[in-house]
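Q: Here you go, target.txt (compact mmCIF, C-alpha atoms and all ligand atoms):
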# COMPACT_ATOMS: atom_id res chain seq x y z
CA MET A 96 -16.50 6.89 -10.02
CA GLY A 97 -18.03 6.86 -13.53
CA LEU A 98 -19.51 3.98 -15.49
CA TYR A 99 -16.11 3.06 -16.98
CA GLY A 100 -14.32 3.18 -13.59
CA GLU A 101 -17.04 1.28 -11.76
CA HIS A 102 -18.08 -1.36 -14.32
CA VAL A 103 -15.53 -1.72 -17.11
CA LEU A 104 -12.14 -1.09 -15.51
CA PRO A 105 -12.55 -3.61 -12.64
CA ARG A 106 -13.26 -6.31 -15.27
CA ILE A 107 -10.18 -5.32 -17.28
CA VAL A 108 -8.10 -5.38 -14.07
CA ASN A 109 -9.57 -8.76 -13.11
CA VAL A 110 -8.42 -10.26 -16.43
CA ALA A 111 -5.10 -8.38 -16.79
CA CYS A 112 -4.01 -8.89 -13.17
CA GLY A 113 -5.33 -12.47 -13.20
CA LEU A 114 -2.90 -13.62 -15.88
CA LYS A 115 -1.06 -16.79 -14.89
CA GLY A 116 2.34 -15.05 -14.87
CA ALA A 117 1.32 -13.06 -11.81
CA ALA A 118 0.54 -16.14 -9.70
CA PRO A 119 4.14 -16.90 -8.60
CA LEU A 120 4.57 -13.24 -7.61
CA ARG A 121 1.34 -13.31 -5.60
CA ARG A 122 2.51 -16.49 -3.86
CA ARG A 123 5.85 -14.87 -2.99
CA VAL A 124 4.42 -11.60 -1.75
CA CYS A 125 1.84 -13.31 0.47
CA GLU A 126 4.45 -15.58 2.11
CA GLY A 127 4.88 -14.64 5.77
CA LEU A 128 1.64 -12.67 6.12
CA GLU A 129 0.23 -13.34 9.55
CA GLY A 130 -2.49 -12.47 12.02
CA GLU A 131 -4.81 -9.57 11.24
CA VAL A 132 -4.10 -8.23 7.76
CA VAL A 133 -5.24 -5.10 5.94
CA GLU A 134 -5.14 -5.32 2.12
CA ILE A 135 -5.40 -2.05 0.20
CA GLY A 136 -6.64 -2.11 -3.41
CA PHE A 137 -8.19 -5.55 -2.89
CA GLY A 138 -9.57 -5.49 -6.46
CA SER A 139 -11.26 -8.76 -7.35
CA GLY A 140 -9.49 -10.72 -4.60
CA LEU A 141 -6.80 -12.27 -6.79
CA ASN A 142 -4.52 -12.64 -3.74
CA VAL A 143 -7.10 -14.58 -1.71
CA PRO A 144 -5.98 -18.06 -2.88
CA PHE A 145 -2.43 -17.19 -1.75
CA TYR A 146 -3.18 -16.10 1.83
CA PRO A 147 -1.15 -18.42 4.08
CA ALA A 148 -2.76 -20.33 6.95
CA THR A 149 -1.11 -17.93 9.41
CA VAL A 150 -3.58 -15.19 8.36
CA THR A 151 -6.50 -15.00 10.80
CA ARG A 152 -8.58 -12.22 9.17
CA VAL A 153 -8.34 -9.78 6.28
CA ALA A 154 -9.79 -6.27 6.14
CA ALA A 155 -10.20 -5.49 2.44
CA ILE A 156 -10.07 -1.89 1.21
CA GLU A 157 -11.51 -1.43 -2.28
CA PRO A 158 -13.51 1.42 -3.87
CA ALA A 159 -14.97 -0.54 -6.83
CA ASP A 160 -18.15 -2.51 -6.02
CA THR A 161 -17.68 -4.53 -9.21
CA GLY A 162 -14.22 -5.64 -8.09
CA TRP A 163 -15.67 -6.85 -4.80
CA ARG A 164 -18.46 -8.72 -6.62
CA LEU A 165 -15.93 -10.40 -8.93
CA ALA A 166 -14.14 -11.69 -5.82
CA ALA A 167 -17.15 -13.80 -4.71
CA LYS A 168 -15.91 -17.17 -6.02
CA ARG A 169 -12.49 -16.74 -4.42
CA LEU A 170 -14.06 -15.58 -1.14
CA ASN A 171 -16.35 -18.63 -1.05
CA ALA A 172 -13.37 -20.93 -1.58
CA THR A 173 -11.22 -19.65 1.30
CA SER A 174 -11.41 -20.38 5.01
CA VAL A 175 -9.85 -16.99 5.84
CA PRO A 176 -12.49 -14.47 6.97
CA VAL A 177 -12.34 -11.47 4.62
CA GLU A 178 -14.47 -8.38 5.19
CA ARG A 179 -14.76 -5.36 2.91
CA SER A 180 -13.92 -2.79 5.55
CA GLY A 181 -13.36 0.43 3.63
CA MET A 182 -13.24 2.12 0.26
CA ASP A 183 -10.16 4.34 0.42
CA GLY A 184 -6.60 3.53 1.37
CA GLN A 185 -5.94 7.23 1.95
CA SER A 186 -8.24 7.23 4.98
CA LEU A 187 -8.51 3.92 6.82
CA PRO A 188 -11.41 3.43 9.26
CA PHE A 189 -9.30 1.69 11.93
CA ALA A 190 -7.72 2.55 15.25
CA ASP A 191 -3.95 3.00 15.48
CA ASN A 192 -1.88 -0.20 15.87
CA SER A 193 -4.69 -2.57 14.74
CA PHE A 194 -2.92 -4.87 12.26
CA ASP A 195 -0.03 -7.34 12.23
CA SER A 196 0.53 -7.18 8.46
CA ALA A 197 -0.52 -5.24 5.39
CA LEU A 198 -0.66 -6.21 1.73
CA SER A 199 -0.52 -4.10 -1.42
CA THR A 200 -0.18 -5.56 -4.91
CA TRP A 201 -0.02 -3.27 -7.96
CA THR A 202 -2.02 -0.62 -6.11
CA MET A 203 0.44 2.14 -5.12
CA CYS A 204 0.41 3.17 -8.81
CA THR A 205 -3.28 4.04 -8.67
CA ILE A 206 -4.07 5.58 -5.27
CA PRO A 207 -4.14 9.34 -5.92
CA ASP A 208 -2.27 10.39 -2.75
CA VAL A 209 -0.03 7.38 -2.21
CA ALA A 210 1.96 9.15 0.54
CA ALA A 211 -1.29 9.53 2.51
CA ALA A 212 -2.08 5.83 2.01
CA LEU A 213 1.37 4.79 3.24
CA ALA A 214 1.05 7.08 6.26
CA GLU A 215 -2.29 5.40 7.01
CA LEU A 216 -0.68 1.95 6.77
CA ARG A 217 2.06 3.10 9.18
CA ARG A 218 -0.64 4.33 11.57
CA VAL A 219 -2.77 1.16 11.58
CA LEU A 220 0.13 -1.34 11.62
CA LYS A 221 1.38 -2.37 15.05
CA PRO A 222 5.00 -1.40 15.75
CA GLY A 223 7.05 -4.07 14.00
CA GLY A 224 4.15 -4.87 11.65
CA THR A 225 5.09 -5.74 8.09
CA LEU A 226 3.90 -4.40 4.74
CA HIS A 227 4.18 -6.96 1.93
CA PHE A 228 4.26 -5.35 -1.50
CA VAL A 229 4.67 -5.99 -5.18
CA GLU A 230 4.31 -2.82 -7.22
CA HIS A 231 5.26 -1.56 -10.65
CA GLY A 232 6.96 1.80 -10.87
CA LEU A 233 9.82 3.88 -12.20
CA ALA A 234 12.17 1.65 -14.22
CA PRO A 235 15.90 1.41 -13.44
CA ASP A 236 16.87 2.14 -17.08
CA GLU A 237 16.89 5.66 -18.48
CA GLY A 238 15.55 4.57 -21.91
CA VAL A 239 12.53 2.87 -20.33
CA ARG A 240 11.96 5.84 -18.01
CA ARG A 241 11.74 8.20 -20.98
CA TRP A 242 8.89 6.11 -22.43
CA GLN A 243 7.23 5.88 -19.03
CA HIS A 244 7.15 9.67 -18.77
CA ARG A 245 5.84 9.99 -22.35
CA LEU A 246 3.06 7.44 -21.95
CA GLU A 247 2.02 8.14 -18.37
CA PRO A 248 -0.71 10.69 -19.23
CA MET A 249 -2.42 8.14 -21.53
CA GLN A 250 -1.94 5.31 -19.03
CA LYS A 251 -3.61 7.42 -16.32
CA ARG A 252 -6.62 8.13 -18.55
CA VAL A 253 -7.11 4.52 -19.65
CA PHE A 254 -6.29 2.73 -16.38
CA GLY A 255 -8.11 4.75 -13.75
CA GLY A 256 -5.24 7.00 -12.67
CA CYS A 257 -2.47 4.38 -12.86
CA HIS A 258 0.96 6.08 -12.79
CA LEU A 259 4.02 4.56 -14.49
CA THR A 260 6.74 6.58 -12.80
CA ARG A 261 6.19 6.24 -9.07
CA PRO A 262 9.46 5.48 -7.25
CA VAL A 263 8.19 2.65 -5.04
CA VAL A 264 11.20 2.21 -2.75
CA GLN A 265 11.60 5.96 -2.26
CA LEU A 266 7.91 6.28 -1.37
CA LEU A 267 8.16 3.50 1.20
CA THR A 268 11.28 4.82 2.90
CA GLY A 269 9.89 8.37 2.72
CA ALA A 270 6.85 7.15 4.65
CA GLY A 271 9.15 5.81 7.39
CA PHE A 272 9.11 2.12 6.51
CA THR A 273 12.32 0.11 6.79
CA ILE A 274 12.72 -2.21 3.83
CA THR A 275 13.77 -5.65 5.00
CA ASP A 276 13.55 -7.60 1.76
CA LEU A 277 13.58 -6.34 -1.83
CA ASP A 278 13.68 -7.83 -5.31
CA GLU A 279 13.57 -5.50 -8.32
CA PHE A 280 12.99 -6.95 -11.79
CA TYR A 281 11.11 -6.61 -15.07
CA GLU A 282 8.01 -8.77 -14.97
CA GLU A 283 8.10 -11.56 -17.54
CA GLY A 284 5.62 -11.09 -20.36
CA ALA A 285 4.80 -7.47 -19.46
CA PRO A 286 5.93 -4.39 -21.39
CA LYS A 287 8.93 -2.93 -19.52
CA ILE A 288 7.17 0.41 -18.99
CA MET A 289 4.44 -1.37 -16.97
CA GLY A 290 6.50 -4.20 -15.56
CA ALA A 291 9.35 -2.63 -13.57
CA ASP A 292 8.43 -4.35 -10.32
CA SER A 293 9.58 -4.05 -6.73
CA LEU A 294 8.62 -7.00 -4.54
CA GLY A 295 9.43 -7.22 -0.87
CA THR A 296 8.61 -6.50 2.73
CA ALA A 297 8.92 -3.34 4.79
CA VAL A 298 8.62 -2.97 8.54
CA SER A 299 6.78 -0.18 10.29
CA PRO A 300 9.20 0.65 13.15
C1 LIG B 1 -4.25 -2.40 -10.71
S1 LIG B 1 -5.50 -2.71 -9.57
C2 LIG B 1 -4.79 -4.01 -8.55
C3 LIG B 1 -5.82 -4.86 -7.86
C4 LIG B 1 -5.28 -5.95 -6.94
N1 LIG B 1 -4.47 -5.43 -5.88
C5 LIG B 1 -4.54 -7.04 -7.70
O1 LIG B 1 -3.36 -7.27 -7.42
O2 LIG B 1 -5.17 -7.69 -8.55
C6 LIG B 1 -5.51 -1.30 -8.47
C7 LIG B 1 -6.63 -1.37 -7.44
O3 LIG B 1 -6.56 -0.21 -6.59
C8 LIG B 1 -7.89 0.20 -6.32
N2 LIG B 1 -7.90 1.59 -5.82
C9 LIG B 1 -7.98 2.73 -6.54
N3 LIG B 1 -8.01 3.79 -5.72
C10 LIG B 1 -7.94 3.32 -4.46
C11 LIG B 1 -7.92 3.93 -3.17
N4 LIG B 1 -7.99 5.26 -3.02
N5 LIG B 1 -7.85 3.13 -2.09
C12 LIG B 1 -7.78 1.78 -2.22
N6 LIG B 1 -7.78 1.15 -3.41
C13 LIG B 1 -7.85 1.91 -4.51
C14 LIG B 1 -8.60 0.00 -7.65
O4 LIG B 1 -10.00 0.01 -7.54
C15 LIG B 1 -8.02 -1.35 -8.08
O5 LIG B 1 -8.78 -2.42 -7.57
As structure tokens, how would this structure be written, given the file I've shared?

A:
Amino acid sequence: MGLYGEHVLPRIVNVACGLKGAAPLRRRVCEGLEGEVVEIGFGSGLNVPFYPATVTRVAAIEPADTGWRLAAKRLNATSVPVERSGMDGQSLPFADNSFDSALSTWTMCTIPDVAAALAELRRVLKPGGTLHFVEHGLAPDEGVRRWQHRLEPMQKRVFGGCHLTRPVVQLLTGAGFTITDLDEFYEEGAPKIMGADSLGTAVSP
């Protein structure tokens, strides 16, 4: 990870993803998390204030040291034990069937091999364990999709590999998850190309 990816980008993400409009979505996606949780793409810990009391421990997976450092204030303010447990969602350092729940917020766009990361989540979730997700991806409207395809190369360069056109639901079902709850919408205040969100839960059978 270069200087930009390690020092600058995590600060941009901390501000952009920390905008107030995201808070209600974070609250919704964290509802129902329970027990031992693995969060991939932990970033600067913007979900920490929304962990419900039913969460007993969180294993945070995040490659950027700066992101982890920016999380300090939120980590000090929570009673939920959170440990930085790994750097790469594509290869999780846990035994099979270790977690009750998993959390991913605006991260499936960025992980290079997202299919590998989803396969890893399937492996480490207990049977019946639930993945909670809110992700931006391929828009439902053809006009928006055209712009997403045009601008994706630039988006990837500027935002650390962030894709605009990943089909979130298709990726989840392709990985063997069963979607149990799904809301698809354009995020208020975000450009449509970056704000075609899927929010929901998926069970690992
Ligand atoms: C757009 S940010 C979202 C951060 C956070 N989830 C949030 O909602 O604020 C994407 C995050 O994915 C992380 N990331 C990139 N590659 C990753 C990988 N291979 N495994 C896990 N996380 C990764 C980035 O460092 C970044 O923190």

Q: What does the structure give for the distance between CA of Asn171 (chain A) and CA of Ala155 (chain A), in Å to one decimal?

A: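 Those two atoms sit 14.9 Å apart.
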
Q: To one decimal in Å, tell me the separation between atom O1 of ligand LIG 1 (chain B) and CA of Ala166 (chain A).

A: 11.8 Å

Q: Give me the residues near Leu259 (chain A) as a count of residues only, where near means some atom within 12 Å (using only C-alpha atoms) and where sequence neighbours in that chain fewer than 5 positions away do not count.

A: 32

Q: Counting all atoms listed in the file, select every polymer residue within 7 Å of (-16.2, -5.4, 1.5) as defined in the file's coordinates, and provide the selection as a count of residues only.

A: 6

Q: Find the residues near Val108 (chain A): any atom within 10 Å, counting only C-alpha atoms, skip ones fewer than 3 places away on the same chain, and give them as a VMD selection string.

A: chain A and resid 103 to 105 111 to 114 138 to 139 162 254

Q: If the limit is 6 Å from any atom of ligand LIG 1 (chain B), counting all atoms listed in the file, which residues qualify? Return them as a list in words.

A: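 Checked against 6 Å with all atoms listed in the file; the hits are Val108, Cys112, Ile135, Gly136, Phe137, Gly138, Leu141, Ile156, Glu157, Pro158, Ala159, Met182, Asp183, Gly184, Gln185, Thr200, Trp201, Thr202, Thr205 and Ile206 of chain A.
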
Q: For a quick check of understanding, using all atoms listed in the file, which of A:Val132, A:Ala297, A:Lys168, A:Thr260 has the smallest distance to Glu237 (chain A)?

A: A:Thr260
